[in-house]
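Notes follow once the structure below has been shown.
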Amino acid sequence: MKALQQPLLPGATLGVLGGGQLGRMFSQAATRMGYRVAVLDPAESGPAAEVSTHHLCYAYDDEAGLTKLAELCDAVTTEFENVPAQSLRFLQQHVPVSPAPDAVEIAQSRIREKTFFVQNNIPTNHHCLVSSSAQIDDAFSQMSGKAVIKTTTLGYDGKGQQVCNSADEMRTAFESFGSVECLVEDFVHFDLEVSVIIARDTNGQTQVFPVAENQHRNGILDISIVPARVSSTVCATAEKIARQVADSLDYVGVLAIEMFVVGDDILVNEIAPRPHNSGHYTIDATDHSQFDMQVRMMCGLPSLPVQQTTPVVMLNVLGDLILSDHFSWQALMENPQVHIHEYGKAAARAGRKMAHVNFTGSDADQLLTAVNQYKAQFPGVFS
Ligand code: AMP
C-alpha cells in the first residue's frame, strides 16, 4: 500500500474519482491553491472535467484508466462513494489513496453502516435487515407502527426508500425495489436534522465544521441553516459523535455525518465519505471550506481550526426551479447577499442538483426570511 512520504505542496497533481459537482468544487479549491487536478469519470464531459487539468474518461473499474490516474497523480481521493472499493484498493498499490477503501466500503452499504454504528456505540435508530417478502411482517412488527424501508445500496436523495405505515405497504415497496436486500428502520419523529462535516488528518487530528441545520424536500436537501438553531448541548453532542465516528474509522479526509435531533439526543442517520451538500455553506461562510480541507487532508497537511465568518443559509437550486416559468439568474446575481455556485450541468431536470446559492449577512433570522421570500416567488416549486 502506497503512503505519503511527505506533504504534497502546490504544483503536485491530485486525482479525484467522480466528475460531478463535488469533484468540480474540489477541483476549484485545489487549482486555486496551485495544484493540478485529474478527474476520472465515465462521462465524456461534466461539472468537474470542465474545470480540471486532466480528464480521464474511463469506467470506475477499468484498470487501464485507474493505472493512468495513478501515473498522473501524487494522491487520489473520491467525490463519489459508490466507486467500487476494489478500484480504490487497486489504486492504493500505486498511489496514496484517502479516505481508505474500508471506510468508503462501509458508507456504501446502509447495513454495513448500521452495523459499524452499533459495534462502536454510536447512537442510531432501531433497524433490521430484510431480504425476502416473507420477512416483512416480522420486520414491521419490530418497529413502532411507522417505519422506513431503504435499499441497502445505491439509494440517494430519497430514492430507494419509502415511509410505511403497515406491513402490506412495506411489502409493496420492497417488491417495487426489485426485492433487493433492504434495511428497515424505525421512523424517527425528529425535532430537526443536523449534519456535521469533520476533517481528520494523517496524524488523527480532527477539525469539526459548525453544525448545519438541514431541511429536506422530497428526500432532497433544500436548505442548510448555520449556525443550527439547537442548544449548545446538542451542538456539543453532535461534534462529539462526529469525532467518535471519524476516530472509529481511523479516517483520513473529509467525512459528513447526518443526524436526527430528538430532544437533547442525537441519532446518526448516515455518513458520507466525502464533502457533502450540507457543507456547501462553508465555501462562503467559513475561513477554510470543506473542499479546501479535502485537499489538505489528502496532501498530508494538518487540519486547520475552522471559524465561521458569517451566518449563512444555503439554498439548493434544483432543475425544478431552473425550469420554472419565472426563474432567472439575474435576480440572484443582483442580490448582494447571494453567492452563486453553478455546476455547469448540460440539462436541467426535475430533482437534479444544478447549483446552490449561499445567502450571507450579519443577521441569521433576516437571511432565513430572505430565502423564504425568494422561494415564495415560485409557487409549486418549493411546496
Ligand atoms: P437518507 O437517504 O437516509 O439520508 O434519507 C433522506 C431523508 O429522509 C432524511 O434526511 C430524512 O429527512 C428522511 N428519513 C430517512 N430516514 C428516516 C427515518 N428513519 N425516520 C424519519 N425520517 C427519515
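Labeling convention for the C-alpha cells: chains A, B, ... as they appear, residues from 1 per chain, ligands from 1 in order of appearance.
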query = Residues within 7 Å of ligand 1 (only C-alpha atoms and all ligand atoms), as a VMD selection string?
reply = chain A and resid 125 147 to 148 155 to 158 185 to 190 193 216 219 to 220 269 to 270
task = Pick out the residues sitting within 8 Å of Lys2 of chain A, and hand them over as a list in words; count only C-alpha atoms, and ignore anything fewer than 5 positions along from it in its own chain.
result = Gln92, Gln93, His94, Val95, Pro96 and Val97 of chain A
Non-local contacts of Leu321 of chain A (8 Å; only C-alpha atoms; under 6 positions in same chain excluded) as an mmCIF file with N, CA and C atoms, in the first residue's frame:
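Generated file (selection_21.cif):
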```cif
data_model
loop_
_atom_site.group_PDB
_atom_site.id
_atom_site.type_symbol
_atom_site.label_atom_id
_atom_site.label_comp_id
_atom_site.auth_asym_id
_atom_site.auth_seq_id
_atom_site.Cartn_x
_atom_site.Cartn_y
_atom_site.Cartn_z
ATOM 1 N N PHE A 327 -38.123 31.793 -13.336
ATOM 2 C CA PHE A 327 -36.745 31.767 -12.845
ATOM 3 C C PHE A 327 -35.818 32.536 -13.786
ATOM 4 N N PHE A 378 -41.966 31.313 -6.276
ATOM 5 C CA PHE A 378 -42.086 30.190 -7.211
ATOM 6 C C PHE A 378 -43.106 29.179 -6.691
ATOM 7 N N VAL A 381 -43.018 25.142 -6.732
ATOM 8 C CA VAL A 381 -41.669 24.597 -6.846
ATOM 9 C C VAL A 381 -41.161 24.114 -5.489
#
```
inquiry  = Report as a PyMOL selection string all protein, DNA and RNA residues lying within 9 Å of segment 166-181 of chain A, evaluated on only C-alpha atoms, omitting residues in the same chain fewer than 5 positions from it.
reply    = chain A and resi 129-134+136-141+145-153+160-161
request  = as a ChimeraX atom specification, list the residues of segment 86-269 of chain A assigned to alpha helix (DSSP H) by DSSP on the backbone atoms of this structure.
outcome  = /A:86-92,101-108,110-119,136-141,167-176,232-248
message = So, with only C-alpha atoms as the atoms that count, which of A:Asp320, A:Met297, A:Val194, A:Ile283 lies closest to Gln207 of chain A?
response = A:Met297
inquiry  = I want to know what sits within 6 Å of Gln294 of chain A, based on only C-alpha atoms, with residues of the same chain fewer than 2 positions away left out; could you give that as a ChimeraX atom specification?
reply    = /A:253-254,291-292,296-297
task = Mind checking which residues fall within 12 Å of His288 of chain A, counting only C-alpha atoms, ignoring those fewer than 4 positions away in the same chain, and posting them as a PyMOL selection string?
result = chain A and resi 29+33+199+207-210+279-284+292-296+303-309
inquiry  = So, with only C-alpha atoms as the atoms that count, which of A:Thr67, A:Asn121, A:Gln142, A:Asn277 lies closest to Gly20 of chain A?
reply    =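 Comparing A:Thr67, A:Asn121, A:Gln142, A:Asn277 against Gly20 of chain A, the winner is A:Asn277.
Between Ser328 of chain A and the candidates A:Gly344, A:Gly361, A:Tyr374, A:Cys164, the tightest atom-to-atom separation, counting only C-alpha atoms, involves A:Tyr374.
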request  = Find the distance between atom CA of Leu66 of chain A and atom CA of Gly15 of chain A and write it in Å to one decimal.
outcome  =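 Going from atom CA of Leu66 of chain A over to atom CA of Gly15 of chain A, I get 10.1 Å.
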task = Please provide the set of residues having any atom within 9 Å of Gly18 of chain A, restricted to only C-alpha atoms, with same-chain residues fewer than 6 positions apart removed, written as a PyMOL selection string.
result = chain A and resi 39-42+48+60+78-81+83
Written file, previous selection with all heavy atoms, as a PDB file, in the first residue's frame:
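Listed below is the output, out.pdb:
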```
ATOM      1  N   VAL A  39      -9.309  14.243 -13.186  1.00  0.00           N
ATOM      2  CA  VAL A  39     -10.626  13.667 -12.853  1.00  0.00           C
ATOM      3  C   VAL A  39     -10.798  12.374 -13.628  1.00  0.00           C
ATOM      4  O   VAL A  39     -10.560  12.351 -14.837  1.00  0.00           O
ATOM      5  CB  VAL A  39     -11.743  14.642 -13.300  1.00  0.00           C
ATOM      6  CG1 VAL A  39     -13.114  14.021 -13.088  1.00  0.00           C
ATOM      7  CG2 VAL A  39     -11.637  15.949 -12.574  1.00  0.00           C
ATOM      8  N   LEU A  40     -11.183  11.310 -12.950  1.00  0.00           N
ATOM      9  CA  LEU A  40     -11.580  10.095 -13.661  1.00  0.00           C
ATOM     10  C   LEU A  40     -13.092   9.977 -13.560  1.00  0.00           C
ATOM     11  O   LEU A  40     -13.643   9.934 -12.455  1.00  0.00           O
ATOM     12  CB  LEU A  40     -10.898   8.849 -13.070  1.00  0.00           C
ATOM     13  CG  LEU A  40     -11.170   7.570 -13.869  1.00  0.00           C
ATOM     14  CD1 LEU A  40      -9.919   6.691 -13.955  1.00  0.00           C
ATOM     15  CD2 LEU A  40     -12.323   6.761 -13.296  1.00  0.00           C
ATOM     16  N   ASP A  41     -13.730  10.003 -14.705  1.00  0.00           N
ATOM     17  CA  ASP A  41     -15.197   9.999 -14.731  1.00  0.00           C
ATOM     18  C   ASP A  41     -15.658   9.316 -16.017  1.00  0.00           C
ATOM     19  O   ASP A  41     -15.139   9.630 -17.084  1.00  0.00           O
ATOM     20  CB  ASP A  41     -15.693  11.454 -14.685  1.00  0.00           C
ATOM     21  CG  ASP A  41     -17.207  11.537 -14.630  1.00  0.00           C
ATOM     22  OD1 ASP A  41     -17.823  10.718 -13.937  1.00  0.00           O
ATOM     23  OD2 ASP A  41     -17.776  12.421 -15.304  1.00  0.00           O
ATOM     24  N   PRO A  42     -16.617   8.403 -15.920  1.00  0.00           N
ATOM     25  CA  PRO A  42     -17.065   7.699 -17.131  1.00  0.00           C
ATOM     26  C   PRO A  42     -17.772   8.604 -18.145  1.00  0.00           C
ATOM     27  O   PRO A  42     -17.840   8.263 -19.322  1.00  0.00           O
ATOM     28  CB  PRO A  42     -18.051   6.653 -16.598  1.00  0.00           C
ATOM     29  CG  PRO A  42     -17.936   6.661 -15.119  1.00  0.00           C
ATOM     30  CD  PRO A  42     -17.250   7.908 -14.702  1.00  0.00           C
ATOM     31  N   ALA A  48     -16.934  18.494 -13.213  1.00  0.00           N
ATOM     32  CA  ALA A  48     -15.547  18.523 -12.732  1.00  0.00           C
ATOM     33  C   ALA A  48     -14.565  18.589 -13.892  1.00  0.00           C
ATOM     34  O   ALA A  48     -13.580  19.344 -13.842  1.00  0.00           O
ATOM     35  CB  ALA A  48     -15.270  17.297 -11.868  1.00  0.00           C
ATOM     36  N   TYR A  60     -15.215   3.305 -13.691  1.00  0.00           N
ATOM     37  CA  TYR A  60     -14.518   3.290 -12.397  1.00  0.00           C
ATOM     38  C   TYR A  60     -13.739   1.994 -12.150  1.00  0.00           C
ATOM     39  O   TYR A  60     -12.860   1.965 -11.304  1.00  0.00           O
ATOM     40  CB  TYR A  60     -15.516   3.492 -11.253  1.00  0.00           C
ATOM     41  CG  TYR A  60     -16.133   4.865 -11.260  1.00  0.00           C
ATOM     42  CD1 TYR A  60     -17.509   5.026 -11.358  1.00  0.00           C
ATOM     43  CD2 TYR A  60     -15.336   6.008 -11.162  1.00  0.00           C
ATOM     44  CE1 TYR A  60     -18.085   6.287 -11.370  1.00  0.00           C
ATOM     45  CE2 TYR A  60     -15.902   7.272 -11.177  1.00  0.00           C
ATOM     46  CZ  TYR A  60     -17.276   7.402 -11.283  1.00  0.00           C
ATOM     47  OH  TYR A  60     -17.832   8.655 -11.287  1.00  0.00           O
ATOM     48  N   THR A  78     -11.819  10.563  -3.577  1.00  0.00           N
ATOM     49  CA  THR A  78     -13.062  10.302  -4.309  1.00  0.00           C
ATOM     50  C   THR A  78     -14.125  11.331  -3.944  1.00  0.00           C
ATOM     51  O   THR A  78     -14.137  11.862  -2.826  1.00  0.00           O
ATOM     52  CB  THR A  78     -13.568   8.867  -4.034  1.00  0.00           C
ATOM     53  OG1 THR A  78     -14.742   8.633  -4.785  1.00  0.00           O
ATOM     54  CG2 THR A  78     -13.876   8.635  -2.555  1.00  0.00           C
ATOM     55  N   GLU A  79     -14.972  11.632  -4.907  1.00  0.00           N
ATOM     56  CA  GLU A  79     -16.105  12.523  -4.623  1.00  0.00           C
ATOM     57  C   GLU A  79     -17.392  11.722  -4.636  1.00  0.00           C
ATOM     58  O   GLU A  79     -18.461  12.252  -4.430  1.00  0.00           O
ATOM     59  CB  GLU A  79     -16.188  13.655  -5.663  1.00  0.00           C
ATOM     60  CG  GLU A  79     -16.471  13.189  -7.087  1.00  0.00           C
ATOM     61  CD  GLU A  79     -17.795  13.608  -7.685  1.00  0.00           C
ATOM     62  OE1 GLU A  79     -18.162  14.775  -7.583  1.00  0.00           O
ATOM     63  OE2 GLU A  79     -18.472  12.747  -8.276  1.00  0.00           O
ATOM     64  N   PHE A  80     -17.287  10.445  -4.933  1.00  0.00           N
ATOM     65  CA  PHE A  80     -18.450   9.606  -5.220  1.00  0.00           C
ATOM     66  C   PHE A  80     -18.304   8.336  -4.403  1.00  0.00           C
ATOM     67  O   PHE A  80     -17.321   7.611  -4.558  1.00  0.00           O
ATOM     68  CB  PHE A  80     -18.426   9.326  -6.735  1.00  0.00           C
ATOM     69  CG  PHE A  80     -19.453   8.367  -7.246  1.00  0.00           C
ATOM     70  CD1 PHE A  80     -20.790   8.624  -7.040  1.00  0.00           C
ATOM     71  CD2 PHE A  80     -19.092   7.231  -7.946  1.00  0.00           C
ATOM     72  CE1 PHE A  80     -21.750   7.745  -7.518  1.00  0.00           C
ATOM     73  CE2 PHE A  80     -20.041   6.354  -8.434  1.00  0.00           C
ATOM     74  CZ  PHE A  80     -21.371   6.617  -8.221  1.00  0.00           C
ATOM     75  N   GLU A  81     -19.264   8.072  -3.483  1.00  0.00           N
ATOM     76  CA  GLU A  81     -18.997   6.951  -2.566  1.00  0.00           C
ATOM     77  C   GLU A  81     -19.261   5.592  -3.179  1.00  0.00           C
ATOM     78  O   GLU A  81     -18.902   4.579  -2.598  1.00  0.00           O
ATOM     79  CB  GLU A  81     -19.764   7.095  -1.251  1.00  0.00           C
ATOM     80  CG  GLU A  81     -21.239   6.844  -1.315  1.00  0.00           C
ATOM     81  CD  GLU A  81     -21.961   8.105  -0.915  1.00  0.00           C
ATOM     82  OE1 GLU A  81     -21.538   9.195  -1.391  1.00  0.00           O
ATOM     83  OE2 GLU A  81     -22.927   8.015  -0.162  1.00  0.00           O
ATOM     84  N   VAL A  83     -17.918   4.411  -5.895  1.00  0.00           N
ATOM     85  CA  VAL A  83     -16.766   3.866  -6.615  1.00  0.00           C
ATOM     86  C   VAL A  83     -16.464   2.495  -6.001  1.00  0.00           C
ATOM     87  O   VAL A  83     -16.416   2.374  -4.771  1.00  0.00           O
ATOM     88  CB  VAL A  83     -15.546   4.800  -6.417  1.00  0.00           C
ATOM     89  CG1 VAL A  83     -14.272   4.114  -6.847  1.00  0.00           C
ATOM     90  CG2 VAL A  83     -15.756   6.098  -7.164  1.00  0.00           C
TER      91      VAL A  83
END
```
request  = Return the single residue from A:His126, A:Lys68, A:Arg349, A:Arg229 that is closest to Pro311 of chain A, with distances computed using only C-alpha atoms.
outcome  =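 Under the stated criterion, the closest residue is A:Arg229.
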query = Which is closer to Ala3 of chain A than all the others in A:Ser231, A:Ser248, A:Ser98, A:Ser109, using only C-alpha atoms?
reply = A:Ser98
Just asking: which residues within segment 165-352 of chain A are strand (DSSP E or B) according to DSSP, as a compact mmCIF listing (two decimals) with N, CA and C atoms, in the first residue's frame?
```txt
# COMPACT_ATOMS: atom_id res chain seq x y z
N CYS A 182 -32.92 -5.02 1.83
CA CYS A 182 -33.32 -3.70 2.33
C CYS A 182 -33.09 -3.58 3.83
N LEU A 183 -32.91 -2.34 4.25
CA LEU A 183 -32.85 -2.03 5.68
C LEU A 183 -34.22 -1.50 6.07
N VAL A 184 -34.73 -1.97 7.21
CA VAL A 184 -35.97 -1.41 7.75
C VAL A 184 -35.61 -0.66 9.02
N GLU A 185 -36.04 0.60 9.09
CA GLU A 185 -35.71 1.43 10.24
C GLU A 185 -36.98 1.96 10.89
N ASP A 186 -36.92 2.16 12.18
CA ASP A 186 -38.00 2.86 12.86
C ASP A 186 -38.09 4.28 12.30
N LEU A 192 -35.43 18.13 14.54
CA LEU A 192 -34.81 18.62 13.31
C LEU A 192 -33.64 17.74 12.92
N GLU A 193 -33.14 18.00 11.70
CA GLU A 193 -31.99 17.25 11.21
C GLU A 193 -30.78 18.16 11.19
N VAL A 194 -29.65 17.61 11.59
CA VAL A 194 -28.39 18.37 11.52
C VAL A 194 -27.34 17.49 10.84
N SER A 195 -26.25 18.14 10.43
CA SER A 195 -25.11 17.37 9.94
C SER A 195 -23.84 18.03 10.42
N VAL A 196 -22.82 17.21 10.50
CA VAL A 196 -21.50 17.72 10.88
C VAL A 196 -20.51 17.25 9.82
N ILE A 197 -19.70 18.19 9.35
CA ILE A 197 -18.60 17.85 8.46
C ILE A 197 -17.34 17.87 9.32
N ILE A 198 -16.57 16.80 9.23
CA ILE A 198 -15.35 16.72 10.03
C ILE A 198 -14.17 16.40 9.11
N ALA A 199 -13.05 17.03 9.40
CA ALA A 199 -11.81 16.71 8.67
C ALA A 199 -10.87 16.03 9.64
N ARG A 200 -10.30 14.91 9.21
CA ARG A 200 -9.34 14.20 10.08
C ARG A 200 -8.06 13.99 9.28
N THR A 206 -8.45 16.16 14.43
CA THR A 206 -9.73 16.46 13.76
C THR A 206 -10.10 17.93 13.89
N GLN A 207 -10.84 18.41 12.90
CA GLN A 207 -11.47 19.73 12.97
C GLN A 207 -12.91 19.55 12.55
N VAL A 208 -13.78 20.14 13.33
CA VAL A 208 -15.21 19.99 13.07
C VAL A 208 -15.75 21.32 12.54
N ALA A 212 -24.62 22.13 10.92
CA ALA A 212 -25.62 22.68 9.99
C ALA A 212 -27.00 22.11 10.31
N GLU A 213 -28.00 22.96 10.26
CA GLU A 213 -29.41 22.51 10.39
C GLU A 213 -29.94 22.31 8.98
N ASN A 214 -30.48 21.14 8.72
CA ASN A 214 -30.88 20.82 7.34
C ASN A 214 -32.37 20.57 7.20
N GLN A 215 -32.95 21.16 6.16
CA GLN A 215 -34.35 20.88 5.85
C GLN A 215 -34.41 20.24 4.47
N HIS A 216 -35.16 19.14 4.38
CA HIS A 216 -35.27 18.40 3.12
C HIS A 216 -36.64 18.61 2.50
N ARG A 217 -36.70 18.45 1.20
CA ARG A 217 -37.98 18.46 0.48
C ARG A 217 -37.94 17.27 -0.48
N ILE A 220 -34.74 15.36 -0.63
CA ILE A 220 -33.53 16.04 -1.13
C ILE A 220 -33.29 17.27 -0.26
N LEU A 221 -32.03 17.53 0.06
CA LEU A 221 -31.71 18.71 0.86
C LEU A 221 -32.24 19.96 0.16
N ASP A 222 -32.94 20.78 0.93
CA ASP A 222 -33.49 22.03 0.40
C ASP A 222 -32.64 23.20 0.89
N ILE A 223 -32.58 23.36 2.23
CA ILE A 223 -31.74 24.43 2.77
C ILE A 223 -30.92 23.92 3.96
N SER A 224 -29.78 24.59 4.17
CA SER A 224 -28.99 24.40 5.39
C SER A 224 -28.88 25.76 6.07
N ILE A 225 -29.08 25.76 7.38
CA ILE A 225 -29.02 27.00 8.17
C ILE A 225 -27.85 26.85 9.14
N VAL A 226 -26.94 27.81 9.12
CA VAL A 226 -25.77 27.72 10.01
C VAL A 226 -25.49 29.09 10.59
N GLY A 253 -9.42 12.34 5.77
CA GLY A 253 -10.17 13.06 4.73
C GLY A 253 -11.31 13.83 5.36
N VAL A 254 -12.27 14.17 4.51
CA VAL A 254 -13.46 14.90 4.96
C VAL A 254 -14.63 13.93 4.99
N LEU A 255 -15.35 13.95 6.11
CA LEU A 255 -16.43 12.99 6.33
C LEU A 255 -17.67 13.78 6.76
N ALA A 256 -18.83 13.38 6.24
CA ALA A 256 -20.08 14.03 6.64
C ALA A 256 -20.91 13.05 7.46
N ILE A 257 -21.52 13.54 8.53
CA ILE A 257 -22.36 12.69 9.37
C ILE A 257 -23.72 13.37 9.48
N GLU A 258 -24.77 12.67 9.01
CA GLU A 258 -26.13 13.21 9.07
C GLU A 258 -26.82 12.65 10.31
N MET A 259 -27.51 13.52 11.03
CA MET A 259 -28.07 13.11 12.32
C MET A 259 -29.50 13.64 12.50
N PHE A 260 -30.26 12.89 13.30
CA PHE A 260 -31.58 13.35 13.73
C PHE A 260 -31.45 13.88 15.16
N VAL A 261 -32.09 15.01 15.44
CA VAL A 261 -32.10 15.55 16.81
C VAL A 261 -33.48 15.27 17.40
N VAL A 262 -33.48 14.57 18.55
CA VAL A 262 -34.73 14.26 19.26
C VAL A 262 -34.54 14.75 20.69
N ASP A 265 -31.20 14.47 22.49
CA ASP A 265 -30.48 13.30 21.99
C ASP A 265 -30.23 13.38 20.49
N ILE A 266 -29.25 12.61 20.08
CA ILE A 266 -28.92 12.54 18.66
C ILE A 266 -28.87 11.09 18.22
N LEU A 267 -29.44 10.83 17.04
CA LEU A 267 -29.32 9.51 16.41
C LEU A 267 -28.62 9.74 15.07
N VAL A 268 -27.60 8.94 14.78
CA VAL A 268 -26.92 9.10 13.50
C VAL A 268 -27.74 8.41 12.42
N ASN A 269 -28.01 9.13 11.34
CA ASN A 269 -28.75 8.56 10.22
C ASN A 269 -27.78 7.88 9.25
N GLU A 270 -26.87 8.66 8.68
CA GLU A 270 -25.92 8.04 7.76
C GLU A 270 -24.67 8.89 7.63
N ILE A 271 -23.66 8.30 6.98
CA ILE A 271 -22.40 9.02 6.79
C ILE A 271 -22.06 9.05 5.30
N ALA A 272 -21.27 10.02 4.92
CA ALA A 272 -20.78 10.09 3.54
C ALA A 272 -19.27 10.34 3.59
N THR A 286 -17.09 30.01 6.01
CA THR A 286 -16.03 29.64 6.96
C THR A 286 -14.69 30.02 6.32
N GLN A 308 -16.33 30.12 11.64
CA GLN A 308 -17.41 30.65 10.81
C GLN A 308 -17.25 32.16 10.72
N VAL A 312 -25.19 32.06 7.61
CA VAL A 312 -25.42 31.66 6.22
C VAL A 312 -26.66 30.78 6.12
N VAL A 313 -27.37 30.92 5.02
CA VAL A 313 -28.39 29.94 4.65
C VAL A 313 -28.06 29.49 3.23
N MET A 314 -27.89 28.17 3.05
CA MET A 314 -27.62 27.61 1.73
C MET A 314 -28.93 27.10 1.14
N LEU A 315 -29.20 27.50 -0.10
CA LEU A 315 -30.39 27.02 -0.81
C LEU A 315 -29.95 26.19 -2.00
N ASN A 316 -30.42 24.96 -2.09
CA ASN A 316 -30.13 24.13 -3.27
C ASN A 316 -30.99 24.60 -4.44
N VAL A 317 -30.38 24.69 -5.60
CA VAL A 317 -31.13 25.05 -6.81
C VAL A 317 -31.26 23.77 -7.64
N LEU A 318 -32.47 23.24 -7.66
CA LEU A 318 -32.72 22.01 -8.43
C LEU A 318 -33.25 22.38 -9.82
N VAL A 338 -26.18 37.21 -2.00
CA VAL A 338 -26.18 35.89 -2.64
C VAL A 338 -24.83 35.55 -3.29
N HIS A 339 -24.38 34.33 -3.03
CA HIS A 339 -23.17 33.81 -3.69
C HIS A 339 -23.60 32.60 -4.49
N ILE A 340 -23.38 32.66 -5.82
CA ILE A 340 -23.88 31.59 -6.70
C ILE A 340 -22.80 30.57 -7.00
N HIS A 341 -23.20 29.30 -6.94
CA HIS A 341 -22.29 28.21 -7.33
C HIS A 341 -23.04 27.35 -8.32
N GLU A 342 -22.76 27.54 -9.58
CA GLU A 342 -23.46 26.83 -10.64
C GLU A 342 -22.56 25.68 -11.10
```
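The closest residue to Tyr35 of chain A, picked from A:Leu56, A:Met354, A:Leu17, A:Cys299 and counting only C-alpha atoms, is A:Cys299.
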